[in-house]
$ cat final38.txt   # compact mmCIF, C-alpha atoms
# COMPACT_ATOMS: atom_id res chain seq x y z
CA MET A 54 -43.91 -92.22 -0.66
CA SER A 55 -43.10 -89.09 1.33
CA LYS A 56 -43.98 -86.80 -1.58
CA ASP A 57 -47.59 -87.36 -0.44
CA LEU A 58 -46.73 -86.37 3.14
CA GLN A 59 -46.84 -82.84 4.54
CA ASP A 60 -43.49 -81.24 5.29
CA ILE A 61 -43.29 -80.86 9.06
CA LEU A 62 -40.86 -79.88 11.79
CA VAL A 63 -40.84 -80.92 15.43
CA ARG A 64 -39.01 -79.20 18.27
CA GLY A 65 -38.43 -80.65 21.71
CA THR A 66 -36.09 -81.58 24.54
CA ALA A 67 -34.54 -84.86 25.61
CA TRP A 68 -32.65 -86.51 28.45
CA ASN A 69 -34.22 -84.50 31.23
CA ASN A 70 -33.94 -81.17 29.37
CA LYS A 71 -30.22 -81.58 28.72
CA LEU A 72 -30.63 -81.83 24.95
CA ARG A 73 -32.56 -79.62 22.55
CA VAL A 74 -33.83 -81.52 19.50
CA PHE A 75 -35.17 -80.46 16.09
CA ALA A 76 -36.13 -82.69 13.17
CA ALA A 77 -37.77 -81.86 9.86
CA ARG A 78 -39.05 -83.43 6.67
CA THR A 79 -38.60 -80.85 3.89
CA THR A 80 -39.16 -82.95 0.74
CA ASN A 81 -41.97 -80.92 -0.82
CA VAL A 82 -40.37 -77.51 -0.26
CA THR A 83 -37.08 -78.76 -1.71
CA GLU A 84 -38.90 -80.12 -4.75
CA GLU A 85 -40.76 -76.83 -5.20
CA MET A 86 -37.47 -74.91 -5.17
CA ARG A 87 -35.98 -77.39 -7.65
CA VAL A 88 -38.88 -76.83 -10.06
CA ARG A 89 -38.98 -73.05 -9.59
CA HIS A 90 -35.26 -72.66 -10.27
CA ASP A 91 -34.91 -75.58 -12.73
CA MET A 92 -32.01 -76.95 -10.69
CA PHE A 93 -29.65 -79.80 -11.47
CA PRO A 94 -29.24 -82.49 -8.77
CA THR A 95 -26.15 -81.20 -6.95
CA ALA A 96 -27.55 -77.67 -6.77
CA THR A 97 -30.82 -79.15 -5.47
CA ALA A 98 -28.90 -81.05 -2.78
CA ALA A 99 -26.94 -77.96 -1.70
CA LEU A 100 -30.01 -75.72 -1.49
CA GLY A 101 -32.08 -78.50 0.09
CA ARG A 102 -29.52 -79.16 2.82
CA THR A 103 -29.22 -75.45 3.58
CA ALA A 104 -33.02 -75.09 3.60
CA ALA A 105 -33.40 -77.93 6.12
CA VAL A 106 -31.01 -76.08 8.45
CA GLY A 107 -32.86 -72.83 7.72
CA PHE A 108 -36.21 -74.31 8.78
CA MET A 109 -34.74 -75.69 12.01
CA MET A 110 -32.92 -72.44 12.81
CA GLY A 111 -36.17 -70.61 12.07
CA ALA A 112 -37.84 -72.78 14.72
CA MET A 113 -35.33 -71.37 17.22
CA LEU A 114 -36.78 -67.87 16.61
CA LYS A 115 -39.96 -66.25 17.94
CA GLY A 116 -42.80 -64.13 16.59
CA GLU A 117 -41.80 -61.98 13.61
CA GLU A 118 -38.09 -62.77 13.86
CA ARG A 119 -36.39 -64.05 10.72
CA LEU A 120 -32.96 -65.05 9.44
CA VAL A 121 -30.90 -65.23 6.29
CA ILE A 122 -28.25 -67.90 5.67
CA GLN A 123 -25.61 -67.25 3.00
CA VAL A 124 -23.19 -70.02 2.04
CA LYS A 125 -20.44 -68.34 0.02
CA GLY A 126 -18.00 -70.99 -1.16
CA ASP A 127 -15.46 -71.06 -3.97
CA GLY A 128 -17.29 -73.75 -5.97
CA PRO A 129 -19.21 -73.41 -9.26
CA ILE A 130 -22.61 -73.17 -7.55
CA GLY A 131 -21.74 -69.69 -6.27
CA GLN A 132 -23.82 -68.43 -3.36
CA VAL A 133 -26.53 -70.48 -1.61
CA VAL A 134 -29.10 -68.22 0.08
CA VAL A 135 -32.00 -69.17 2.36
CA ASN A 136 -34.43 -66.81 4.09
CA ALA A 137 -36.58 -68.32 6.88
CA ASN A 138 -38.86 -67.20 9.70
CA ALA A 139 -40.31 -68.56 12.94
CA LYS A 140 -43.57 -69.62 11.24
CA GLY A 141 -42.21 -72.46 9.13
CA GLU A 142 -41.93 -70.36 5.97
CA LEU A 143 -38.83 -70.31 3.78
CA ARG A 144 -37.51 -69.26 0.38
CA GLY A 145 -34.12 -69.75 -1.22
CA TYR A 146 -31.94 -69.83 -4.33
CA VAL A 147 -28.47 -70.60 -5.63
CA ASP A 148 -26.46 -68.39 -7.99
CA ASN A 149 -25.94 -71.19 -10.51
CA PRO A 150 -28.83 -73.69 -10.45
CA ARG A 151 -27.25 -75.67 -13.30
CA ALA A 152 -24.06 -76.41 -11.36
CA HIS A 153 -23.66 -80.18 -11.14
CA HIS A 154 -20.84 -82.42 -9.99
CA ALA A 155 -20.58 -86.12 -10.59
CA THR A 156 -20.88 -88.35 -7.55
CA ASN A 157 -18.10 -88.32 -4.97
CA GLN A 158 -16.04 -91.29 -3.73
CA TYR A 159 -18.99 -92.47 -1.62
CA GLY A 160 -21.38 -92.59 -4.58
CA LYS A 161 -23.32 -89.55 -3.34
CA LEU A 162 -23.89 -86.16 -4.97
CA ASP A 163 -20.69 -84.14 -4.64
CA VAL A 164 -22.13 -81.18 -2.75
CA ALA A 165 -18.68 -80.13 -1.48
CA GLY A 166 -17.44 -80.04 -5.07
CA ALA A 167 -20.28 -77.70 -6.05
CA VAL A 168 -20.24 -75.50 -2.95
CA GLY A 169 -16.47 -75.44 -2.57
CA THR A 170 -14.30 -76.10 0.47
CA SER A 171 -13.12 -72.52 1.02
CA GLY A 172 -15.29 -69.56 1.91
CA PHE A 173 -17.73 -68.58 4.64
CA ILE A 174 -21.18 -69.24 6.05
CA HIS A 175 -22.91 -66.03 7.15
CA VAL A 176 -26.06 -66.00 9.30
CA THR A 177 -27.99 -62.77 9.83
CA LYS A 178 -30.88 -62.75 12.32
CA ASP A 179 -33.45 -59.96 12.48
CA LEU A 180 -34.51 -60.17 16.13
CA GLY A 181 -36.39 -56.88 16.16
CA LEU A 182 -33.46 -55.04 17.73
CA LYS A 183 -31.72 -51.93 16.44
CA GLU A 184 -28.96 -54.00 14.87
CA PRO A 185 -29.33 -57.54 13.45
CA TYR A 186 -27.29 -60.40 14.89
CA ARG A 187 -24.53 -61.53 12.52
CA GLY A 188 -22.44 -64.67 12.78
CA SER A 189 -19.84 -66.02 10.35
CA VAL A 190 -17.62 -69.09 10.22
CA PRO A 191 -15.29 -70.52 7.57
CA ILE A 192 -16.54 -73.40 5.45
CA ILE A 193 -14.71 -76.48 6.72
CA SER A 194 -15.96 -79.24 4.40
CA GLY A 195 -18.57 -77.92 1.96
CA GLU A 196 -20.88 -80.85 2.78
CA LEU A 197 -22.90 -78.39 4.90
CA GLY A 198 -23.93 -80.70 7.77
CA GLU A 199 -20.42 -80.50 9.23
CA ASP A 200 -20.22 -76.82 8.38
CA PHE A 201 -23.36 -75.94 10.32
CA THR A 202 -22.24 -78.16 13.21
CA TYR A 203 -19.10 -76.00 13.28
CA TYR A 204 -21.19 -72.80 13.00
CA PHE A 205 -23.25 -73.61 16.11
CA SER A 206 -20.18 -74.60 18.10
CA VAL A 207 -18.11 -71.53 17.19
CA SER A 208 -20.55 -68.72 16.44
CA GLU A 209 -23.36 -69.55 18.87
CA GLN A 210 -21.25 -71.39 21.49
CA THR A 211 -23.68 -74.34 21.42
CA PRO A 212 -22.23 -77.84 20.91
CA SER A 213 -24.50 -79.37 18.25
CA CYS A 214 -24.85 -82.21 15.78
CA VAL A 215 -26.36 -81.21 12.43
CA ALA A 216 -27.40 -83.92 9.95
CA VAL A 217 -29.06 -82.98 6.65
CA GLY A 218 -29.77 -84.84 3.44
CA VAL A 219 -31.43 -84.68 0.03
CA LEU A 220 -32.12 -87.74 -2.13
CA VAL A 221 -32.71 -87.04 -5.83
CA ASP A 222 -34.46 -89.44 -8.23
CA SER A 223 -33.25 -90.37 -11.71
CA ASP A 224 -35.62 -87.77 -13.22
CA ASN A 225 -33.98 -85.07 -10.99
CA SER A 226 -37.05 -84.80 -8.74
CA VAL A 227 -36.62 -84.86 -4.96
CA LEU A 228 -37.40 -88.19 -3.32
CA GLN A 229 -36.50 -87.23 0.25
CA ALA A 230 -35.15 -84.19 2.08
CA GLY A 231 -34.85 -83.26 5.71
CA GLY A 232 -32.63 -82.70 8.68
CA LEU A 233 -31.92 -83.15 12.36
CA ILE A 234 -30.23 -80.91 14.94
CA ILE A 235 -29.28 -82.06 18.43
CA GLN A 236 -27.92 -79.39 20.78
CA VAL A 237 -26.18 -80.04 24.09
CA LEU A 238 -27.41 -77.94 27.02
CA PRO A 239 -25.59 -77.38 30.33
CA GLY A 240 -25.61 -80.29 32.78
CA LEU A 241 -24.99 -83.18 30.39
CA SER A 242 -22.67 -85.72 32.02
CA ASP A 243 -19.53 -87.11 30.39
CA GLN A 244 -21.26 -90.50 30.32
CA ASP A 245 -24.23 -89.03 28.42
CA ILE A 246 -21.90 -87.21 26.02
CA THR A 247 -20.18 -90.53 25.24
CA LYS A 248 -23.57 -92.19 24.76
CA LEU A 249 -24.67 -89.39 22.40
CA GLU A 250 -21.44 -89.55 20.39
CA GLU A 251 -21.87 -93.32 19.93
CA ALA A 252 -25.48 -92.82 18.81
CA ILE A 253 -24.42 -90.16 16.30
CA ALA A 254 -21.64 -92.40 14.93
CA SER A 255 -24.07 -95.27 14.28
CA MET A 256 -27.00 -93.17 13.05
CA PRO A 257 -28.31 -93.90 9.52
CA SER A 258 -28.40 -90.99 7.09
CA VAL A 259 -31.37 -88.62 7.18
CA THR A 260 -32.50 -89.70 3.71
CA GLN A 261 -32.25 -93.39 4.64
CA MET A 262 -34.47 -92.82 7.67
CA LEU A 263 -36.98 -90.84 5.61
CA SER A 264 -36.92 -93.50 2.86
CA GLU A 265 -37.79 -96.09 5.51
CA GLY A 266 -40.90 -94.05 6.34
CA LYS A 267 -39.58 -92.60 9.59
CA THR A 268 -41.24 -89.43 10.86
CA PRO A 269 -39.27 -86.53 12.35
CA GLU A 270 -40.16 -87.93 15.81
CA ASP A 271 -38.79 -91.34 14.76
CA MET A 272 -35.56 -89.67 13.63
CA ILE A 273 -35.13 -88.10 17.06
CA ALA A 274 -35.89 -91.43 18.76
CA GLN A 275 -33.25 -93.09 16.57
CA LEU A 276 -30.66 -90.83 18.16
CA VAL A 277 -31.80 -90.23 21.74
CA GLY A 278 -34.14 -93.15 22.48
CA ASP A 279 -37.61 -92.66 23.98
CA ASP A 280 -36.63 -90.08 26.59
CA PHE A 281 -37.74 -86.95 24.75
CA THR A 282 -40.70 -84.54 24.77
CA ILE A 283 -42.05 -82.71 21.70
CA HIS A 284 -42.98 -79.12 22.52
CA GLU A 285 -44.05 -77.94 19.08
CA GLN A 286 -44.91 -79.27 15.64
CA MET A 287 -45.29 -76.96 12.66
CA ASP A 288 -46.13 -77.36 9.00
CA LEU A 289 -43.43 -76.14 6.62
CA LYS A 290 -43.94 -74.36 3.33
CA PHE A 291 -42.20 -72.37 0.62
CA LYS A 292 -43.28 -68.74 0.77
CA CYS A 293 -41.87 -65.70 -0.99
CA ASN A 294 -42.94 -62.17 -0.06
CA CYS A 295 -42.22 -60.66 -3.47
CA SER A 296 -45.09 -58.77 -5.14
CA TYR A 297 -45.83 -56.32 -7.94
CA GLU A 298 -45.73 -53.50 -5.35
CA ARG A 299 -42.30 -54.54 -4.03
CA LEU A 300 -40.83 -54.76 -7.52
CA SER A 301 -42.40 -51.40 -8.35
CA GLY A 302 -40.51 -49.98 -5.39
CA THR A 303 -37.30 -51.49 -6.77
CA LEU A 304 -37.88 -49.73 -10.11
CA ILE A 305 -38.72 -46.41 -8.42
CA SER A 306 -35.46 -46.61 -6.50
CA VAL A 307 -33.37 -46.46 -9.71
CA GLY A 308 -34.49 -42.85 -10.16
CA ALA A 309 -36.40 -40.78 -12.70
CA HIS A 310 -33.48 -40.46 -15.16
CA GLU A 311 -33.02 -44.23 -15.49
CA LEU A 312 -36.79 -44.75 -15.74
CA GLN A 313 -36.95 -42.20 -18.58
CA SER A 314 -34.32 -44.24 -20.45
CA MET A 315 -36.58 -47.30 -20.12
CA ILE A 316 -39.54 -45.29 -21.38
CA ASP A 317 -37.48 -44.06 -24.36
CA ASP A 318 -36.61 -47.69 -25.22
CA ASN A 319 -40.38 -48.30 -25.47
CA GLU A 320 -40.08 -51.93 -24.36
CA THR A 321 -41.73 -53.92 -21.61
CA ILE A 322 -39.32 -54.50 -18.70
CA GLU A 323 -39.07 -57.95 -17.10
CA LEU A 324 -37.98 -58.25 -13.46
CA VAL A 325 -37.37 -61.67 -11.90
CA CYS A 326 -37.42 -62.42 -8.17
CA HIS A 327 -34.16 -64.12 -7.09
CA TYR A 328 -35.89 -66.17 -4.42
CA CYS A 329 -38.86 -67.66 -6.27
CA ASN A 330 -38.15 -66.99 -9.96
CA GLU A 331 -41.53 -65.28 -10.47
CA LYS A 332 -41.48 -62.83 -13.37
CA TYR A 333 -43.01 -59.34 -13.24
CA TYR A 334 -43.61 -57.23 -16.36
CA PHE A 335 -43.80 -53.43 -16.58
CA THR A 336 -45.02 -51.71 -19.76
CA PRO A 337 -43.73 -48.26 -20.82
CA GLU A 338 -47.06 -46.79 -19.63
CA GLN A 339 -46.63 -48.36 -16.18
CA ILE A 340 -43.04 -47.12 -16.00
CA LYS A 341 -44.26 -43.55 -16.75
CA ILE A 342 -46.48 -43.78 -13.65
CA LEU A 343 -43.54 -45.05 -11.58
CA LYS A 344 -41.38 -42.19 -12.89
CA GLU A 345 -43.91 -39.66 -11.54
CA GLN A 346 -43.70 -41.40 -8.15
CA ALA A 347 -39.89 -41.34 -8.32
CA ARG A 348 -40.00 -37.55 -8.53
$ encode --input "final38.txt" --output "structure tokens"
Amino acid sequence: MSKDLQDILVRGTAWNNKLRVFAARTTNVTEEMRVRHDMFPTATAALGRTAAVGFMMGAMLKGEERLVIQVKGDGPIGQVVVNANAKGELRGYVDNPRAHHATNQYGKLDVAGAVGTSGFIHVTKDLGLKEPYRGSVPIISGELGEDFTYYFSVSEQTPSCVAVGVLVDSDNSVLQAGGLIIQVLPGLSDQDITKLEEAIASMPSVTQMLSEGKTPEDMIAQLVGDDFTIHEQMDLKFKCNCSYERLSGTLISVGAHELQSMIDDNETIELVCHYCNEKYYFTPEQIKILKEQAR
């Protein structure tokens, strides 16, 4: 059902401005990445979960700010990379899109088995300053929701609950994907913290809520009740900024000597964008032009 729905994110506050709330439906973007990278289900789940966090962290930025998330575990999937901005645009990839683990003991895709349970999550934010912000934490479970909960608590000093999920159909396509972040702001009473912890403990999974037709606002209400205000809603989409010009610049950067070797081989060069899997072709004649520019 939700494949016909637009991917959206909502951002707001709850409980008299003592909670910050984010919720997103990311089904279509996750499916687009699956198709672009020809991913197997567990790789789709790992990238989809990371992308849901990426969209919500992007919504914490402003203007032209952007961020990169790198999940570098010791599992067969290799690195999971997501690049997001404040406008609801995101791109991402995994090193090994064919990595797949059988279901875990709970009958769900074994994301921790694919990502690994040892390694680091790195977040780099370009905030328009001289130096980018960098934060890193160890991977604690590999399931990613818990890992990003830990990241916010340790690296950004913000107690948070991060829930993410991806539901894959029998034909490997994405049925549901999305996420939810609740962040505790100063002033929350012990009584409210207990109430929040109980709500989190009894909360259905993100994919169950989406499968039931719940909107991002409904997901927030499931956790915090009706006492919340939405401050922004944005459409989400996959967007890569690769282009023929950018890839030309990459070729120029290898230098005139290396470009001459390509010309001598007299073959068309194929370059593939990591993020979107688009292919760009350069003929020997085009490479000769680039060689002149390299000089």
$ closest_residue --input "final38.txt" --among "A:Glu338, A:Asp148, A:Asp245, A:Asp279" --to "Gly126 in chain A" --atoms "all atoms listed in the file"
A:Asp148
$ residues_around --input "final38.txt" --residues "Lys267 in chain A" --least-positions-apart "6" --cutoff "12 Å" --atoms "only C-alpha atoms" --output "MDAnalysis selection string"
chainID A and resid 54:55 58 76:78 229 231 257:261 273:275
$ atom_distance --input "final38.txt" --atom1 "CA of Phe205 in chain A" --atom2 "CA of Thr103 in chain A"
14.0 Å
$ closest_residue --input "final38.txt" --among "A:Asp280, A:Val121, A:Glu142, A:Phe291" --to "Ser189 in chain A" --atoms "only C-alpha atoms"
A:Val121
$ residues_around --input "final38.txt" --residues "range 301-314 of chain A" --least-positions-apart "5" --cutoff "12 Å" --atoms "all atoms listed in the file" --output "list of chain:residue names"
A:Cys295, A:Ser296, A:Asn319, A:Glu320, A:Thr321, A:Ile322, A:Glu323, A:Leu324, A:Val325, A:Cys326, A:Tyr333, A:Tyr334, A:Phe335, A:Thr336, A:Pro337, A:Glu338, A:Gln339, A:Ile340, A:Lys341, A:Ile342, A:Leu343, A:Lys344, A:Glu345, A:Gln346, A:Ala347, A:Arg348
$ write_last_selection --input "final38.txt" --atoms "C-alpha atoms" --output "PDB file, in the frame of the given file"
ATOM      1  CA  CYS A 295     -42.220 -60.660  -3.470  1.00  0.00           C
ATOM      2  CA  SER A 296     -45.090 -58.770  -5.140  1.00  0.00           C
ATOM      3  CA  ASN A 319     -40.380 -48.300 -25.470  1.00  0.00           C
ATOM      4  CA  GLU A 320     -40.080 -51.930 -24.360  1.00  0.00           C
ATOM      5  CA  THR A 321     -41.730 -53.920 -21.610  1.00  0.00           C
ATOM      6  CA  ILE A 322     -39.320 -54.500 -18.700  1.00  0.00           C
ATOM      7  CA  GLU A 323     -39.070 -57.950 -17.100  1.00  0.00           C
ATOM      8  CA  LEU A 324     -37.980 -58.250 -13.460  1.00  0.00           C
ATOM      9  CA  VAL A 325     -37.370 -61.670 -11.900  1.00  0.00           C
ATOM     10  CA  CYS A 326     -37.420 -62.420  -8.170  1.00  0.00           C
ATOM     11  CA  TYR A 333     -43.010 -59.340 -13.240  1.00  0.00           C
ATOM     12  CA  TYR A 334     -43.610 -57.230 -16.360  1.00  0.00           C
ATOM     13  CA  PHE A 335     -43.800 -53.430 -16.580  1.00  0.00           C
ATOM     14  CA  THR A 336     -45.020 -51.710 -19.760  1.00  0.00           C
ATOM     15  CA  PRO A 337     -43.730 -48.260 -20.820  1.00  0.00           C
ATOM     16  CA  GLU A 338     -47.060 -46.790 -19.630  1.00  0.00           C
ATOM     17  CA  GLN A 339     -46.630 -48.360 -16.180  1.00  0.00           C
ATOM     18  CA  ILE A 340     -43.040 -47.120 -16.000  1.00  0.00           C
ATOM     19  CA  LYS A 341     -44.260 -43.550 -16.750  1.00  0.00           C
ATOM     20  CA  ILE A 342     -46.480 -43.780 -13.650  1.00  0.00           C
ATOM     21  CA  LEU A 343     -43.540 -45.050 -11.580  1.00  0.00           C
ATOM     22  CA  LYS A 344     -41.380 -42.190 -12.890  1.00  0.00           C
ATOM     23  CA  GLU A 345     -43.910 -39.660 -11.540  1.00  0.00           C
ATOM     24  CA  GLN A 346     -43.700 -41.400  -8.150  1.00  0.00           C
ATOM     25  CA  ALA A 347     -39.890 -41.340  -8.320  1.00  0.00           C
ATOM     26  CA  ARG A 348     -40.000 -37.550  -8.530  1.00  0.00           C
TER      27      ARG A 348
END
$ residues_around --input "final38.txt" --residues "Leu241 in chain A" --least-positions-apart "5" --cutoff "8 Å" --atoms "only C-alpha atoms" --output "PDB file with C-alpha atoms, keeping the file's coordinate frame"
ATOM      1  CA  LYS A  71     -30.220 -81.580  28.720  1.00  0.00           C
ATOM      2  CA  LEU A  72     -30.630 -81.830  24.950  1.00  0.00           C
ATOM      3  CA  ILE A 246     -21.900 -87.210  26.020  1.00  0.00           C
TER       4      ILE A 246
END
$ residues_around --input "final38.txt" --residues "Leu114 in chain A" --least-positions-apart "5" --cutoff "9 Å" --atoms "all atoms listed in the file" --output "list in words"
Arg119, Leu120, Asn138, Ala139, Lys140, Lys178 and Leu180 of chain A
$ write_last_selection --input "final38.txt" --atoms "C-alpha atoms" --output "PDB file, in the coordinates of the input"
ATOM      1  CA  ARG A 119     -36.390 -64.050  10.720  1.00  0.00           C
ATOM      2  CA  LEU A 120     -32.960 -65.050   9.440  1.00  0.00           C
ATOM      3  CA  ASN A 138     -38.860 -67.200   9.700  1.00  0.00           C
ATOM      4  CA  ALA A 139     -40.310 -68.560  12.940  1.00  0.00           C
ATOM      5  CA  LYS A 140     -43.570 -69.620  11.240  1.00  0.00           C
ATOM      6  CA  LYS A 178     -30.880 -62.750  12.320  1.00  0.00           C
ATOM      7  CA  LEU A 180     -34.510 -60.170  16.130  1.00  0.00           C
TER       8      LEU A 180
END
$ atom_distance --input "final38.txt" --atom1 "CA of Thr80 in chain A" --atom2 "CA of Met113 in chain A"
20.5 Å
$ atom_distance --input "final38.txt" --atom1 "CA of Lys161 in chain A" --atom2 "CA of Ala99 in chain A"
12.3 Å
$ closest_residue --input "final38.txt" --among "A:Gly166, A:Gly198, A:Gly141, A:Gly101" --to "Pro129 in chain A" --atoms "only C-alpha atoms"
A:Gly166
$ closest_residue --input "final38.txt" --among "A:Thr202, A:Ser264, A:Gln59, A:Ser255" --to "Val221 in chain A" --atoms "all atoms listed in the file"
A:Ser264
$ closest_residue --input "final38.txt" --among "A:Met256, A:Ile283, A:Leu233, A:Val88" --to "Val217 in chain A" --atoms "only C-alpha atoms"
A:Leu233
$ closest_residue --input "final38.txt" --among "A:Ser206, A:Thr66, A:Asn330, A:Thr95" --to "His154 in chain A" --atoms "only C-alpha atoms"
A:Thr95
$ axis_aligned_box --input "final38.txt" --around "range 104-114 of chain A" --padding-each-side "3 Å" --output "AutoDock Vina command-line options"
--center_x -34.4 --center_y -72.9 --center_z 10.4 --size_x 12.8 --size_y 16.1 --size_z 19.6
